[in-house]
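J.: Encoded as structure tokens, here's the structure I'll be asking about.
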Amino acid sequence: MNDSVEIPFARPDIGDAEVEAVVRVLKSGWLTTGSEATSFEQEFRAYTGARHAVAVSSATAGLHLCLEAMGVQAGDYVALSPYTFASSAEVIRYLGAHPLFVDIEADGYNICPDALDRALDVACTDGRTVRVIMPVHMAGKACSMARIRDTAARYGVQVLEDAAHALPASDDTGARIGSRGTAVFSFYANKPVTSAEGGMIATDDEDLAKRVRCMRLHGIDRTVWDRYRVPGAGWAYDVVEAGYKYNLPDVLASLGRVQLNRADETHARRHALAERYAHALDKEPGIELLTGSGQTPEDSRAHAWHLFMICVDPAHRDDIIAYLAEAGIACSVHYRPLHMMSYYRTQYGTRAEDCPRARDRFLGAISLPLFPGLTEDEQDRVIATLKEAVSRSRGSAGARS
Ligand SMILES: Cc1ncc(COP(=O)(O)O)c(C=O)c1O
């Protein structure tokens, strides 16, 4: 086994500007949430068109705060696809509510609007309260938001977008993700815009913005920055709720600001690499690019291209990944669906066949290296090695049959 990775799966794109920004804050005498976080929020609003932006310590924290602000209570349900990261559903459990897992589309990785309608119908008939629908914009491809908003309005359910992968992306109405409704973004280290760790809540709901702003820092009625800016008033604050410690420090916000400033440049690079992958792998025997995954030229620009995912024969998926690893190329798999994870199986008795599309998609999924610093030569090597691996696996399948 070759354990030296020559082409990583992801690599943050950190230049001198990022380093200088962080050093400037480190030397400034103010490390925690202050003017950098405030500027980051303002710049995020300008970039996405959001009415309000609230910086938080992670997208997980942001999702938790939003569900709390939306009034999710113990015993409620939140509808989401299981084809997502642990965070999306664990925050539902923080509040004692339950995930209502809905299968994904036939030709993509996002929640299926028809299955969502059916699930809400059944839940209504059973007398269960579905408080929120949480569309997850998988890989950076927006969910069918027009249909989902329509369903939400019909059933009187709120919508919270898990936009961890979706900066910058637009939905099927042409709206920039974050400019409408409530969406939570992640700045985790491998995300298209990173602050090492961090997140942003974007919302057009003023009351929700006020609530999450207060709850992100202990339920205190004033920010720490306000308290220290007003001479002599550092002690003068009230605790109006039992809040959380979910603020984004300035050291991290300064990194996020530079990254956000470069978001169009890094997105253009990700988009160009995704198009090269799509061009090279489309119609390749043994590899499927799903039509609903945003890989058509019209959809491609609206996609954030956090991940580039392909489907292969599940019988050979792990061998193909191992072959690439042997050649020094790291891949990943997104995701083993949550309804197949031990916690949800034990807690709710979920079975893989409850969401068969999510199960099948996972079994054949591979995410290929995609990051702005990936050179075309490196990408060509990934493509050639992948084709080799797939054709070998098909050959060995033929020999066996
Ligand atoms: C779909 C999805 N939602 C939420 C999160 C949580 O993001 P964070 O690490 O910023 O909490 C992630 C992280 O990878 C994610 O992939």
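Scheme for the structure tokens: letters A, B, ... for chains in order shown; per-chain residue numbers from 1; ligand numbers from 1 in order shown.
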Using only C-alpha atoms and all ligand atoms, find each protein or nucleic acid residue lying at most 9 Å from ligand 1; present the set as an MDAnalysis selection string.
T.: chainID A and resid 56:63 83:89 136:139 162:165 184:191 197:200 334
J.: Taking only range 77-232 of chain A into account, list the residues labelled strand (DSSP E or B) by DSSP (computed from the backbone), as a PyMOL selection string.
T.: chain A and resi 77-80+98-101+104+111+130-133+136+158-159+161-162+170+176+182-186+199-203+217+220
J.: Next, dump the selected residues to file, keeping only C-alpha atoms, as a PDB file, in the first residue's frame.
T.:
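Listing of result.pdb after writing:
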```pdb
ATOM      1  CA  TYR A  77     -40.184  16.500  13.548  1.00  0.00           C
ATOM      2  CA  VAL A  78     -37.753  18.040  11.076  1.00  0.00           C
ATOM      3  CA  ALA A  79     -37.843  16.643   7.524  1.00  0.00           C
ATOM      4  CA  LEU A  80     -34.499  16.122   5.770  1.00  0.00           C
ATOM      5  CA  HIS A  98     -36.866  13.775  15.644  1.00  0.00           C
ATOM      6  CA  PRO A  99     -35.547  13.551  12.091  1.00  0.00           C
ATOM      7  CA  LEU A 100     -38.105  12.610   9.455  1.00  0.00           C
ATOM      8  CA  PHE A 101     -35.875  11.024   6.846  1.00  0.00           C
ATOM      9  CA  ILE A 104     -33.357  11.621  -2.384  1.00  0.00           C
ATOM     10  CA  ILE A 111     -34.148  15.556  -1.150  1.00  0.00           C
ATOM     11  CA  VAL A 130     -43.358  18.698  11.335  1.00  0.00           C
ATOM     12  CA  ARG A 131     -41.947  22.080  12.328  1.00  0.00           C
ATOM     13  CA  VAL A 132     -39.181  22.513   9.742  1.00  0.00           C
ATOM     14  CA  ILE A 133     -38.012  21.181   6.370  1.00  0.00           C
ATOM     15  CA  VAL A 136     -29.347  20.120   2.277  1.00  0.00           C
ATOM     16  CA  GLN A 158     -40.716  26.554   8.034  1.00  0.00           C
ATOM     17  CA  VAL A 159     -37.639  26.020   5.851  1.00  0.00           C
ATOM     18  CA  GLU A 161     -31.461  25.427   4.348  1.00  0.00           C
ATOM     19  CA  ASP A 162     -28.322  23.508   5.240  1.00  0.00           C
ATOM     20  CA  SER A 170     -28.052  29.739  -6.797  1.00  0.00           C
ATOM     21  CA  ARG A 176     -28.521  33.281  -4.667  1.00  0.00           C
ATOM     22  CA  THR A 182     -32.880  31.228   6.212  1.00  0.00           C
ATOM     23  CA  ALA A 183     -29.693  29.366   5.290  1.00  0.00           C
ATOM     24  CA  VAL A 184     -26.622  28.266   7.238  1.00  0.00           C
ATOM     25  CA  PHE A 185     -23.150  28.143   5.646  1.00  0.00           C
ATOM     26  CA  SER A 186     -20.002  26.368   6.831  1.00  0.00           C
ATOM     27  CA  GLY A 199     -20.266  29.390   9.975  1.00  0.00           C
ATOM     28  CA  MET A 200     -22.761  32.077   8.954  1.00  0.00           C
ATOM     29  CA  ILE A 201     -26.515  32.325   9.375  1.00  0.00           C
ATOM     30  CA  ALA A 202     -28.132  34.289   6.545  1.00  0.00           C
ATOM     31  CA  THR A 203     -31.763  35.240   6.989  1.00  0.00           C
ATOM     32  CA  LEU A 217     -23.363  34.388  23.089  1.00  0.00           C
ATOM     33  CA  ILE A 220     -26.612  38.190  26.835  1.00  0.00           C
TER      34      ILE A 220
END
```
J.: Work out how far CA of Leu116 in chain A is from CA of Asp150 in chain A, in Å to one decimal.
T.: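 According to the coordinates, CA of Asp150 in chain A and CA of Leu116 in chain A are separated by 11.4 Å.
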J.: A:Gly294, A:Gly243, A:Gly75, A:Gly328: which is nearest Glu378 in chain A, counting only C-alpha atoms?
T.: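 Of all the options, A:Gly328 lies closest to Glu378 in chain A.
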J.: For Gly96 in chain A, please output as a ChimeraX atom specification all residues within 9 Å (counting only C-alpha atoms; exclusion window: fewer than 5 positions along the same chain).
T.: /A:72-76
J.: Would you export the selected residues with N, CA, C and O atoms as a PDB file, in the first residue's frame, please?
T.:
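New file again-v7.pdb:
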```
ATOM      1  N   VAL A  72     -38.518  24.847  17.365  1.00  0.00           N
ATOM      2  CA  VAL A  72     -38.521  23.371  17.387  1.00  0.00           C
ATOM      3  C   VAL A  72     -38.430  22.903  18.839  1.00  0.00           C
ATOM      4  O   VAL A  72     -37.574  23.360  19.598  1.00  0.00           O
ATOM      5  N   GLN A  73     -39.332  22.011  19.190  1.00  0.00           N
ATOM      6  CA  GLN A  73     -39.410  21.539  20.580  1.00  0.00           C
ATOM      7  C   GLN A  73     -39.347  20.025  20.626  1.00  0.00           C
ATOM      8  O   GLN A  73     -39.553  19.357  19.600  1.00  0.00           O
ATOM      9  N   ALA A  74     -39.134  19.514  21.830  1.00  0.00           N
ATOM     10  CA  ALA A  74     -39.104  18.059  22.029  1.00  0.00           C
ATOM     11  C   ALA A  74     -40.376  17.440  21.456  1.00  0.00           C
ATOM     12  O   ALA A  74     -41.481  17.955  21.686  1.00  0.00           O
ATOM     13  N   GLY A  75     -40.200  16.368  20.689  1.00  0.00           N
ATOM     14  CA  GLY A  75     -41.345  15.666  20.113  1.00  0.00           C
ATOM     15  C   GLY A  75     -41.714  16.127  18.704  1.00  0.00           C
ATOM     16  O   GLY A  75     -42.430  15.431  17.990  1.00  0.00           O
ATOM     17  N   ASP A  76     -41.210  17.302  18.281  1.00  0.00           N
ATOM     18  CA  ASP A  76     -41.460  17.770  16.907  1.00  0.00           C
ATOM     19  C   ASP A  76     -40.648  16.947  15.906  1.00  0.00           C
ATOM     20  O   ASP A  76     -39.719  16.214  16.300  1.00  0.00           O
TER      21      ASP A  76
END
```
J.: Using only C-alpha atoms, what table do you get, as JSON lines, when you list each residue of range 158-262 of chain A with an atom no more than 6 Å from range 27-32 of chain A, its nearest pair of atoms, and their distance in Å rounded to one decimal, rows by chain then rising number?
T.:
```
{"residue": "A:Pro249", "atom": "CA", "partner": "A:Thr32", "partner_atom": "CA", "distance": 4.0}
{"residue": "A:Asp250", "atom": "CA", "partner": "A:Thr32", "partner_atom": "CA", "distance": 5.0}
{"residue": "A:Val251", "atom": "CA", "partner": "A:Leu31", "partner_atom": "CA", "distance": 5.6}
```
J.: What separation in Å, quoted to one decimal, exists between CA of Asp204 in chain A and CA of Arg51 in chain A?
T.: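 Between CA of Asp204 in chain A and CA of Arg51 in chain A the gap works out to 5.0 Å.
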